[in-house]
$ cat structure_7.cif   # mmCIF, C-alpha atoms and all ligand atoms
data_target
loop_
_atom_site.label_atom_id
_atom_site.label_comp_id
_atom_site.auth_asym_id
_atom_site.auth_seq_id
_atom_site.Cartn_x
_atom_site.Cartn_y
_atom_site.Cartn_z
CA MET A 149 -9.93 7.83 10.17
CA ILE A 150 -10.53 8.16 6.44
CA GLN A 151 -8.04 9.34 3.87
CA ALA A 152 -9.20 11.50 1.01
CA GLN A 153 -7.17 12.95 -1.80
CA VAL A 154 -7.79 15.94 -4.02
CA LYS A 155 -5.82 17.14 -7.00
CA LEU A 156 -4.58 20.68 -6.51
CA ARG A 157 -4.76 23.47 -9.09
CA LEU A 158 -1.77 25.53 -8.09
CA ASN A 159 -0.74 28.71 -9.80
CA VAL A 160 2.86 29.16 -10.91
CA ILE A 161 3.86 31.06 -7.77
CA GLN A 162 2.44 28.39 -5.51
CA SER A 163 4.02 25.46 -7.30
CA SER A 164 7.45 27.11 -7.38
CA LEU A 165 7.04 27.96 -3.68
CA LEU A 166 6.31 24.30 -2.90
CA ASP A 167 9.22 23.15 -5.07
CA GLY A 168 11.42 25.41 -2.95
CA TRP A 169 10.01 23.88 0.21
CA LEU A 170 10.70 20.37 -1.08
CA PHE A 171 14.29 21.39 -1.78
CA MET A 172 14.84 22.72 1.73
CA LEU A 173 12.92 19.92 3.42
CA THR A 174 15.14 17.43 1.60
CA GLY A 175 18.01 18.98 3.59
CA VAL A 176 16.01 18.70 6.81
CA TRP A 177 15.21 15.06 6.14
CA ASN A 178 18.82 14.14 5.33
CA TRP A 179 20.08 16.04 8.38
CA ALA A 180 17.57 14.23 10.62
CA ILE A 181 18.37 10.80 9.21
CA ARG A 182 22.12 11.29 9.72
CA LYS A 183 21.64 12.91 13.14
CA ILE A 184 19.70 9.95 14.55
CA GLU A 185 22.14 7.45 13.03
CA ASN A 186 25.29 9.17 14.31
CA ASP A 187 23.90 9.99 17.75
CA SER A 188 22.68 6.45 18.30
CA LYS A 189 26.24 5.25 17.72
CA GLY A 190 27.28 7.54 20.59
CA GLY A 191 24.48 6.22 22.76
CA ILE A 192 22.33 9.33 22.42
CA TYR A 193 18.65 8.66 21.87
CA TYR A 194 15.76 11.07 21.58
CA THR A 195 12.17 11.12 22.64
CA PRO A 196 9.79 12.03 19.80
CA LYS A 197 8.99 15.39 21.46
CA GLY A 198 12.64 16.15 22.10
CA PHE A 199 13.63 15.36 18.53
CA GLN A 200 10.90 17.34 16.82
CA ASN A 201 11.91 20.45 18.77
CA LEU A 202 15.56 20.35 17.69
CA LEU A 203 14.95 22.70 14.76
CA SER A 204 12.25 24.74 16.45
CA ASP A 205 13.66 28.12 15.35
CA HIS A 206 14.54 27.14 11.79
CA GLY A 207 11.09 27.31 10.23
CA LYS A 208 11.08 31.11 10.13
CA LYS A 209 14.51 31.30 8.50
CA MET A 210 13.45 28.89 5.76
CA GLY A 211 10.05 30.50 5.29
CA ILE A 212 8.31 27.22 6.02
CA PRO A 213 5.69 26.77 8.78
CA SER A 214 7.54 25.49 11.83
CA HIS A 215 5.07 22.65 12.29
CA THR A 216 5.84 21.41 8.79
CA VAL A 217 9.54 21.29 9.67
CA GLN A 218 8.61 19.44 12.86
CA GLY A 219 6.46 17.09 10.82
CA MET A 220 9.48 16.29 8.68
CA LEU A 221 11.54 15.46 11.78
CA VAL A 222 8.73 13.25 13.05
CA MET A 223 8.69 11.42 9.69
CA ALA A 224 12.44 10.79 9.92
CA TYR A 225 12.08 9.72 13.54
CA THR A 226 9.29 7.25 12.69
CA ALA A 227 11.29 5.89 9.77
CA TRP A 228 14.17 5.04 12.08
CA LYS A 229 11.82 3.67 14.73
CA ARG A 230 10.32 1.31 12.17
CA CYS A 231 13.81 0.27 11.16
CA PHE A 232 14.92 -0.37 14.76
CA LYS A 233 11.79 -2.44 15.33
CA LYS A 234 12.54 -4.31 12.09
CA ILE A 235 9.22 -3.33 10.50
CA GLY A 236 10.87 -1.25 7.84
CA GLY A 237 14.20 -0.97 6.07
CA LYS A 238 16.93 1.56 6.78
CA PRO A 239 15.71 5.07 5.91
CA LYS A 240 17.34 6.40 2.77
CA LEU A 241 18.80 9.81 2.13
CA LYS A 242 16.87 11.89 -0.41
CA GLY A 243 18.38 13.52 -3.46
CA MET A 244 18.11 13.79 -7.21
CA ARG A 245 17.48 10.11 -7.80
CA ASN A 246 15.34 9.49 -4.77
CA LYS A 247 13.32 12.65 -4.48
CA LEU A 248 11.40 13.81 -1.47
CA ASN A 249 7.83 14.24 -2.62
CA SER A 250 5.66 14.95 0.39
CA ILE A 251 5.17 17.93 2.67
CA PRO A 252 3.47 17.27 6.01
CA PHE A 253 0.88 19.55 7.60
CA PRO A 254 0.50 18.06 11.09
CA ASP A 255 -2.17 20.50 12.33
CA PRO A 256 -5.93 20.30 11.83
CA ILE A 257 -7.07 21.96 8.61
CA ARG A 258 -10.29 23.89 8.29
CA SER A 259 -12.79 22.09 6.04
CA PRO A 260 -12.57 23.16 2.41
CA GLU A 261 -15.22 25.48 0.98
CA LYS A 262 -16.41 24.69 -2.53
CA ASN A 263 -13.13 24.17 -4.35
CA HIS A 264 -10.54 25.88 -2.19
CA VAL A 265 -8.77 25.12 1.04
CA LYS A 266 -6.56 27.20 3.30
CA LEU A 267 -3.12 25.84 4.15
CA PRO A 268 -0.53 27.29 6.53
CA GLY A 269 2.32 29.08 4.76
CA ILE A 270 0.73 29.00 1.30
CA GLY A 271 -2.69 30.50 1.81
CA THR A 272 -5.72 29.58 -0.26
CA VAL A 273 -5.21 26.87 -2.86
CA ARG A 274 -7.77 25.65 -5.35
CA PHE A 275 -8.43 22.02 -6.18
CA HIS A 276 -10.41 20.07 -8.75
CA LYS A 277 -13.84 19.82 -7.23
CA GLN A 278 -14.83 16.52 -5.68
CA ASP A 279 -16.83 15.27 -2.71
CA ILE A 280 -14.85 15.06 0.50
CA PRO A 281 -16.21 12.98 3.42
CA VAL A 282 -17.69 15.15 6.18
CA GLY A 283 -15.66 15.29 9.37
CA LYS A 284 -12.88 17.06 11.16
CA ILE A 285 -9.64 17.12 9.15
CA LYS A 286 -6.93 16.04 11.57
CA CYS A 287 -3.92 16.67 9.38
CA GLY A 288 -2.84 16.71 5.78
CA ARG A 289 0.00 16.19 3.38
CA ILE A 290 0.87 17.64 0.00
CA VAL A 291 2.30 15.08 -2.40
CA LYS A 292 4.03 15.77 -5.70
CA ARG A 293 3.49 13.05 -8.27
CA ALA A 294 4.34 12.70 -11.94
CA SER A 295 0.83 13.87 -12.83
CA GLY A 296 0.77 16.90 -10.53
CA TRP A 297 0.28 18.09 -6.97
CA TYR A 298 -2.15 16.39 -4.61
CA LEU A 299 -3.44 17.09 -1.14
CA CYS A 300 -4.08 14.09 1.11
CA LEU A 301 -6.47 14.74 3.98
CA PHE A 302 -6.84 12.58 7.08
CA ILE A 303 -10.43 12.93 8.20
CA ASP A 304 -11.85 11.87 11.53
CA ALA A 305 -15.01 10.11 10.38
CA GLU A 306 -16.58 6.68 10.37
CA ARG A 307 -16.25 4.49 7.34
CA LYS A 308 -19.52 3.78 5.60
CA ALA A 309 -20.77 0.30 6.42
CA ILE A 310 -20.55 -2.15 3.54
CA GLU A 311 -23.83 -3.76 2.55
CA ARG A 312 -23.86 -7.53 2.39
CA LYS A 313 -25.27 -9.26 -0.67
CA THR A 314 -24.74 -12.98 0.01
CA ASP A 315 -23.58 -14.99 3.02
CA GLY A 316 -20.78 -17.05 1.56
CA ALA A 317 -17.56 -18.37 3.01
CA ILE A 318 -14.51 -18.31 0.85
CA GLY A 319 -10.89 -19.40 0.86
CA ILE A 320 -8.42 -17.43 -1.21
CA ASP A 321 -5.09 -18.55 -2.54
CA PRO A 322 -2.93 -15.79 -4.00
CA GLY A 323 -1.01 -16.98 -6.99
CA PHE A 324 1.43 -15.84 -9.54
CA MET A 325 -0.18 -17.12 -12.71
CA ASP A 326 -3.62 -15.86 -11.74
CA LEU A 327 -3.97 -13.07 -9.23
CA LEU A 328 -6.23 -15.07 -6.93
CA THR A 329 -7.95 -18.42 -6.92
CA THR A 330 -11.01 -18.87 -4.73
CA SER A 331 -12.35 -22.03 -3.15
CA ASP A 332 -15.41 -21.72 -5.43
CA GLY A 333 -13.11 -22.43 -8.33
CA GLU A 334 -13.08 -18.85 -9.60
CA LYS A 335 -9.79 -17.67 -11.03
CA ILE A 336 -9.33 -13.93 -10.93
CA GLN A 337 -6.89 -12.73 -13.55
CA HIS A 338 -4.77 -9.67 -13.66
CA PRO A 339 -6.80 -7.08 -15.58
CA LYS A 340 -5.91 -6.38 -19.19
CA GLU A 341 -5.24 -2.68 -18.65
CA LEU A 342 -2.40 -3.62 -16.32
CA HIS A 343 -0.79 -5.78 -18.99
CA GLN A 344 -1.10 -3.04 -21.57
CA SER A 345 0.35 -0.40 -19.27
CA ALA A 346 3.19 -2.74 -18.33
CA LYS A 347 3.98 -3.18 -22.01
CA ARG A 348 4.00 0.56 -22.60
CA LEU A 349 6.18 1.02 -19.53
CA ALA A 350 8.69 -1.47 -20.87
CA GLN A 351 8.78 0.42 -24.16
CA ALA A 352 9.20 3.75 -22.40
CA GLN A 353 11.98 2.43 -20.21
CA ARG A 354 13.99 1.65 -23.30
CA GLY A 355 13.70 5.29 -24.35
CA ILE A 356 15.01 8.40 -22.67
CA ASN A 357 11.79 10.07 -21.64
CA ARG A 358 12.04 9.92 -17.84
CA LYS A 359 8.83 11.88 -17.32
CA LEU A 360 6.83 9.42 -19.37
CA VAL A 361 8.23 6.52 -17.35
CA ALA A 362 7.25 8.25 -14.11
CA ARG A 363 3.74 8.92 -15.36
CA LEU A 364 3.26 5.34 -16.52
CA HIS A 365 4.48 4.05 -13.17
CA GLU A 366 1.92 6.22 -11.48
CA ARG A 367 -0.84 5.06 -13.79
CA ILE A 368 -0.05 1.40 -13.15
CA GLN A 369 -0.13 2.01 -9.41
CA ASN A 370 -3.52 3.69 -9.73
CA GLN A 371 -4.91 0.89 -11.88
CA ARG A 372 -3.74 -1.69 -9.39
CA LYS A 373 -5.19 0.20 -6.47
CA ASP A 374 -8.49 0.64 -8.27
CA ARG A 375 -8.63 -3.05 -9.11
CA ASN A 376 -7.84 -4.03 -5.52
CA HIS A 377 -10.54 -1.72 -4.16
CA LYS A 378 -13.21 -3.17 -6.45
CA LEU A 379 -12.16 -6.76 -5.90
CA SER A 380 -11.94 -6.51 -2.11
CA LEU A 381 -15.29 -4.74 -1.94
CA ARG A 382 -16.97 -7.47 -3.95
CA LEU A 383 -15.44 -10.25 -1.86
CA VAL A 384 -16.51 -8.59 1.39
CA GLN A 385 -20.03 -8.02 0.07
CA GLU A 386 -20.41 -11.64 -0.92
CA ASN A 387 -18.90 -13.43 2.07
CA ILE A 388 -19.24 -13.70 5.86
CA VAL A 389 -15.94 -15.49 6.22
CA ILE A 390 -12.83 -14.78 4.17
CA CYS A 391 -9.74 -16.95 4.68
CA PHE A 392 -6.63 -15.65 2.97
CA SER A 393 -3.62 -17.86 2.55
CA LYS A 394 -0.49 -16.09 3.65
CA ASP A 395 1.79 -17.71 1.17
CA ASN A 396 5.51 -17.47 0.93
CA ILE A 397 5.13 -14.81 -1.75
CA LYS A 398 8.55 -13.35 -1.10
CA GLY A 399 10.30 -16.64 -1.80
CA ILE A 400 8.35 -17.22 -4.99
CA ALA A 401 8.83 -13.61 -6.12
CA LYS A 402 12.57 -13.94 -5.71
CA LYS A 403 12.49 -16.85 -8.07
CA PHE A 404 10.13 -15.45 -10.67
CA GLY A 405 10.54 -11.71 -10.41
CA LYS A 406 8.07 -9.09 -11.43
CA SER A 407 4.71 -10.75 -11.87
CA VAL A 408 4.31 -11.67 -8.22
CA ALA A 409 5.83 -8.63 -6.63
CA SER A 410 3.85 -6.32 -8.86
CA SER A 411 0.48 -7.86 -8.33
CA GLY A 412 0.08 -6.05 -5.04
CA HIS A 413 -1.10 -8.88 -2.83
CA ALA A 414 -0.06 -6.99 0.29
CA GLN A 415 -2.25 -4.05 -0.65
CA LEU A 416 -5.16 -6.32 -1.46
CA ARG A 417 -4.75 -8.09 1.88
CA SER A 418 -4.84 -4.89 3.88
CA MET A 419 -7.90 -3.70 1.93
CA LEU A 420 -9.68 -7.00 2.58
CA GLU A 421 -8.82 -6.63 6.24
CA TYR A 422 -10.19 -3.15 6.80
CA LYS A 423 -13.17 -3.59 4.50
CA SER A 424 -14.04 -6.79 6.38
CA ARG A 425 -14.20 -4.75 9.56
CA ALA A 426 -16.52 -2.25 7.90
CA GLY A 427 -18.73 -4.99 6.51
CA GLY A 428 -18.85 -7.29 9.55
CA THR A 429 -17.02 -10.03 7.69
CA GLN A 430 -14.69 -12.33 9.55
CA TYR A 431 -11.23 -12.12 8.01
CA VAL A 432 -8.81 -14.94 8.79
CA GLN A 433 -5.23 -15.10 7.67
CA VAL A 434 -4.02 -18.66 7.27
CA ALA A 435 -0.41 -19.76 7.36
CA SER A 436 -0.33 -22.14 4.45
CA LYS A 437 2.25 -24.70 5.27
CA ASN A 438 0.79 -27.64 3.45
CA SER A 439 -2.09 -26.05 1.62
CA THR A 440 -0.93 -27.22 -1.79
CA ARG A 441 0.06 -30.69 -0.63
CA ILE A 442 -3.07 -31.73 1.22
CA CYS A 443 -5.77 -33.33 -0.88
CA SER A 444 -8.92 -31.38 -0.07
CA THR A 445 -11.12 -34.43 -0.57
CA CYS A 446 -9.43 -37.03 1.63
CA GLY A 447 -6.80 -35.11 3.54
CA SER A 448 -3.70 -37.08 2.59
CA LEU A 449 -0.45 -35.39 1.72
CA THR A 450 -0.27 -36.41 -1.91
CA GLY A 451 0.09 -33.08 -3.71
CA PRO A 452 3.17 -31.50 -5.29
CA THR A 453 5.71 -29.96 -2.96
CA GLY A 454 7.11 -26.47 -2.70
CA LEU A 455 8.88 -24.57 -5.41
CA ALA A 456 9.92 -27.70 -7.28
CA GLY A 457 6.28 -28.60 -7.80
CA LEU A 458 5.19 -25.14 -8.91
CA SER A 459 4.96 -26.22 -12.51
CA VAL A 460 2.40 -28.89 -11.63
CA ARG A 461 -0.91 -27.15 -12.33
CA ASP A 462 -3.18 -30.12 -11.65
CA TRP A 463 -2.71 -33.58 -10.20
CA GLU A 464 -4.50 -36.77 -9.21
CA CYS A 465 -4.58 -37.80 -5.56
CA SER A 466 -2.89 -41.19 -5.23
CA ALA A 467 -4.93 -42.02 -2.12
CA CYS A 468 -8.48 -41.30 -3.29
CA GLY A 469 -8.12 -40.75 -7.03
CA THR A 470 -9.68 -37.28 -7.16
CA HIS A 471 -8.47 -35.03 -9.93
CA LEU A 472 -7.53 -31.66 -8.42
CA ASP A 473 -6.59 -28.24 -9.70
CA ARG A 474 -3.58 -27.08 -7.75
CA ASP A 475 -4.78 -23.57 -6.90
CA VAL A 476 -8.42 -24.39 -6.30
CA ASN A 477 -7.33 -27.23 -4.01
CA ALA A 478 -5.09 -24.85 -2.08
CA ALA A 479 -7.93 -22.34 -1.75
CA ILE A 480 -10.29 -25.03 -0.42
CA ASN A 481 -7.67 -26.09 2.09
CA THR A 482 -7.22 -22.50 3.16
CA LEU A 483 -10.96 -22.24 3.79
CA ASN A 484 -10.96 -25.51 5.71
CA ILE A 485 -8.05 -24.52 7.90
CA GLY A 486 -9.34 -21.01 8.41
CA ALA A 487 -12.83 -22.11 9.29
CA GLY A 488 -11.41 -24.51 11.86
CA THR A 489 -12.60 -27.66 10.16
CA ALA A 490 -9.25 -28.77 8.86
CA HIS A 491 -8.68 -32.37 8.06
CA GLU A 492 -6.18 -33.98 10.29
CA VAL A 493 -2.94 -34.53 8.48
CA ARG A 494 -2.90 -38.30 8.35
CA CYS A 495 0.47 -39.02 6.89
CA HIS A 496 2.21 -36.47 9.05
CA ALA A 497 4.45 -39.07 10.66
CA ALA A 498 5.38 -40.69 7.36
ZN ZN B 501 -7.24 -37.59 -1.88
#
$ encode --input "structure_7.cif" --output "structure tokens" --more "lines below"
Ligand SMILES: [Zn+2]
Amino acid sequence: MIQAQVKLRLNVIQSSLLDGWLFMLTGVWNWAIRKIENDSKGGIYYTPKGFQNLLSDHGKKMGIPSHTVQGMLVMAYTAWKRCFKKIGGKPKLKGMRNKLNSIPFPDPIRSPEKNHVKLPGIGTVRFHKQDIPVGKIKCGRIVKRASGWYLCLFIDAERKAIERKTDGAIGIDPGFMDLLTTSDGEKIQHPKELHQSAKRLAQAQRGINRKLVARLHERIQNQRKDRNHKLSLRLVQENIVICFSKDNIKGIAKKFGKSVASSGHAQLRSMLEYKSRAGGTQYVQVASKNSTRICSTCGSLTGPTGLAGLSVRDWECSACGTHLDRDVNAAINTLNIGAGTAHEVRCHAA
């Protein structure tokens, strides 16, 4: 399944129609969220089919395709399911501050011709022309962003295989000073555009222009996504084995705030994972318990510990005397552990 996104060119009637839908669907969402919460307190639970049919006759009254209303109920249902399974947080009610911005189209959509596509309930809409992967479109979603309306398409097609350039093996340590450090000693920085946008965002947030803030947020997200796509593609092209250290990012982020949370490691990880599959690369996630403490040359536990030692950027191993860079050392350890050739931890008992 591939996702593709096109920017829509709606006329005034269409965009006000969709705004109206969003308004009414906000009510549907909030009703569904409360309904599941209250009924579960009374011991009433629903099957997905049973729940999505609760409002089966309301679509006509609202002037919205009934399957879109059902799609909304399914979204609310899944949100609660994720919460019950502890994958996601408690679903939030939507309103002025937390606006609903997507409209589901759960049915297959006929492939677009040239620059227009037919959608249930709206009719033909135009979009800015771009190449869309060939395949059957399983379902879609209209999303309203600060920069305009978009149509996301979920297409049943194979991902293009990624061509390999070199057969390396690499360990990666995500950091908070640099974005990533690799076992080859390469330090990948946050790109400059991101810094600049972040600065502009900070300026805008001090002002009163809400729209500008929303647009800048969107731009930063796009820049980050673009960077992660390029970086993960390059790493998959260059390596047969990728070992990624699953660090305690959350703990560090809590202590240092924005720079870690905003660097989008989670997104990068998931991109590396699926691109690895497409490129035949082996992707290993390593739990990095001692990756900063172990000396990658001799294997003794002589490095700096935990959060207290975060300020130590480089150190000398007291057992073998090697001078080590903290992050590069951690990346090498990650590769060693991931590749199954880890040193035994000698001073474990001590
Ligand atoms: Zn050593």
$ residues_near_ligand --input "structure_7.cif" --ligand "ligand ZN 501 (chain B)" --cutoff "7 Å" --atoms "all atoms listed in the file" --output "ChimeraX atom specification"
/A:443-448,465-470
$ residues_around --input "structure_7.cif" --residues "Ile303 in chain A" --least-positions-apart "3" --cutoff "8 Å" --atoms "only C-alpha atoms" --output "list in words"
Met149, Ile150, Gln151, Ala152, Pro281, Val282, Gly283, Lys284, Ile285, Lys286 and Cys287 of chain A
$ atom_distance --input "structure_7.cif" --atom1 "CA of Lys292 in chain A" --atom2 "CA of Arg157 in chain A"
12.2 Å
$ residues_around --input "structure_7.cif" --residues "range 204-217 of chain A" --least-positions-apart "3" --cutoff "8 Å" --atoms "all atoms listed in the file" --output "CSV table (one decimal) with C-alpha atoms, in the coordinates of the input"
chain,number,residue,atom,x,y,z
A,169,TRP,CA,10.0,23.9,0.2
A,172,MET,CA,14.8,22.7,1.7
A,173,LEU,CA,12.9,19.9,3.4
A,176,VAL,CA,16.0,18.7,6.8
A,200,GLN,CA,10.9,17.3,16.8
A,201,ASN,CA,11.9,20.4,18.8
A,220,MET,CA,9.5,16.3,8.7
A,221,LEU,CA,11.5,15.5,11.8
A,251,ILE,CA,5.2,17.9,2.7
A,252,PRO,CA,3.5,17.3,6.0
A,253,PHE,CA,0.9,19.6,7.6
A,254,PRO,CA,0.5,18.1,11.1
A,255,ASP,CA,-2.2,20.5,12.3
A,268,PRO,CA,-0.5,27.3,6.5
A,269,GLY,CA,2.3,29.1,4.8
$ closest_residue --input "structure_7.cif" --among "A:Ile181, A:Met244, A:Val265, A:Cys231" --to "Lys277 in chain A" --atoms "all atoms listed in the file"
A:Val265
$ residues_around --input "structure_7.cif" --residues "Thr329 in chain A" --least-positions-apart "3" --cutoff "9 Å" --atoms "only C-alpha atoms" --output "PyMOL selection string"
chain A and resi 319-323+326+332-337+475-476+478-479
$ axis_aligned_box --input "structure_7.cif" --around "range 311-324 of chain A" --padding-each-side "3 Å" --output "JSON"
{"center_x": -11.9, "center_y": -11.6, "center_z": -3.3, "size_x": 32.7, "size_y": 21.6, "size_z": 18.6}
$ closest_residue --input "structure_7.cif" --among "A:Ser393, A:Gln415, A:Asn357, A:Asn246" --to "Arg375 in chain A" --atoms "only C-alpha atoms"
A:Gln415
$ residues_around --input "structure_7.cif" --residues "Ser380 in chain A" --least-positions-apart "6" --cutoff "7 Å" --atoms "all atoms listed in the file" --output "tab-separated table (two decimals) with C-alpha atoms, in the coordinates of the input"
chain	number	residue	atom	x	y	z
A	416	LEU	CA	-5.16	-6.32	-1.46
A	419	MET	CA	-7.90	-3.70	1.93
A	420	LEU	CA	-9.68	-7.00	2.58
$ atom_distance --input "structure_7.cif" --atom1 "CA of Gln162 in chain A" --atom2 "CA of Ile257 in chain A"
18.2 Å
$ atom_distance --input "structure_7.cif" --atom1 "CA of Lys313 in chain A" --atom2 "CA of Leu342 in chain A"
28.3 Å
$ residues_around --input "structure_7.cif" --residues "Gln344 in chain A" --least-positions-apart "4" --cutoff "12 Å" --atoms "all atoms listed in the file" --output "MDAnalysis selection string"
chainID A and resid 338:340 348:351 364 367:368 371
$ write_last_selection --input "structure_7.cif" --atoms "C-alpha atoms" --output "PDB file, keeping the file's coordinate frame"
ATOM      1  CA  HIS A 338      -4.770  -9.670 -13.660  1.00  0.00           C
ATOM      2  CA  PRO A 339      -6.800  -7.080 -15.580  1.00  0.00           C
ATOM      3  CA  LYS A 340      -5.910  -6.380 -19.190  1.00  0.00           C
ATOM      4  CA  ARG A 348       4.000   0.560 -22.600  1.00  0.00           C
ATOM      5  CA  LEU A 349       6.180   1.020 -19.530  1.00  0.00           C
ATOM      6  CA  ALA A 350       8.690  -1.470 -20.870  1.00  0.00           C
ATOM      7  CA  GLN A 351       8.780   0.420 -24.160  1.00  0.00           C
ATOM      8  CA  LEU A 364       3.260   5.340 -16.520  1.00  0.00           C
ATOM      9  CA  ARG A 367      -0.840   5.060 -13.790  1.00  0.00           C
ATOM     10  CA  ILE A 368      -0.050   1.400 -13.150  1.00  0.00           C
ATOM     11  CA  GLN A 371      -4.910   0.890 -11.880  1.00  0.00           C
TER      12      GLN A 371
END
$ closest_residue --input "structure_7.cif" --among "A:Val222, A:Ala362, A:Ala414, A:Ile442" --to "Gly296 in chain A" --atoms "all atoms listed in the file"
A:Ala362
$ closest_residue --input "structure_7.cif" --among "A:Ile161, A:Leu299, A:Ile235, A:Val389" --to "Ile270 in chain A" --atoms "all atoms listed in the file"
A:Ile161
$ closest_residue --input "structure_7.cif" --among "A:Leu241, A:Gly488, A:Ala309, A:Ser259" --to "Ala426 in chain A" --atoms "only C-alpha atoms"
A:Ala309
$ closest_residue --input "structure_7.cif" --among "A:Val432, A:Ile485, A:Ile280, A:Ile480" --to "Ile390 in chain A" --atoms "only C-alpha atoms"
A:Val432
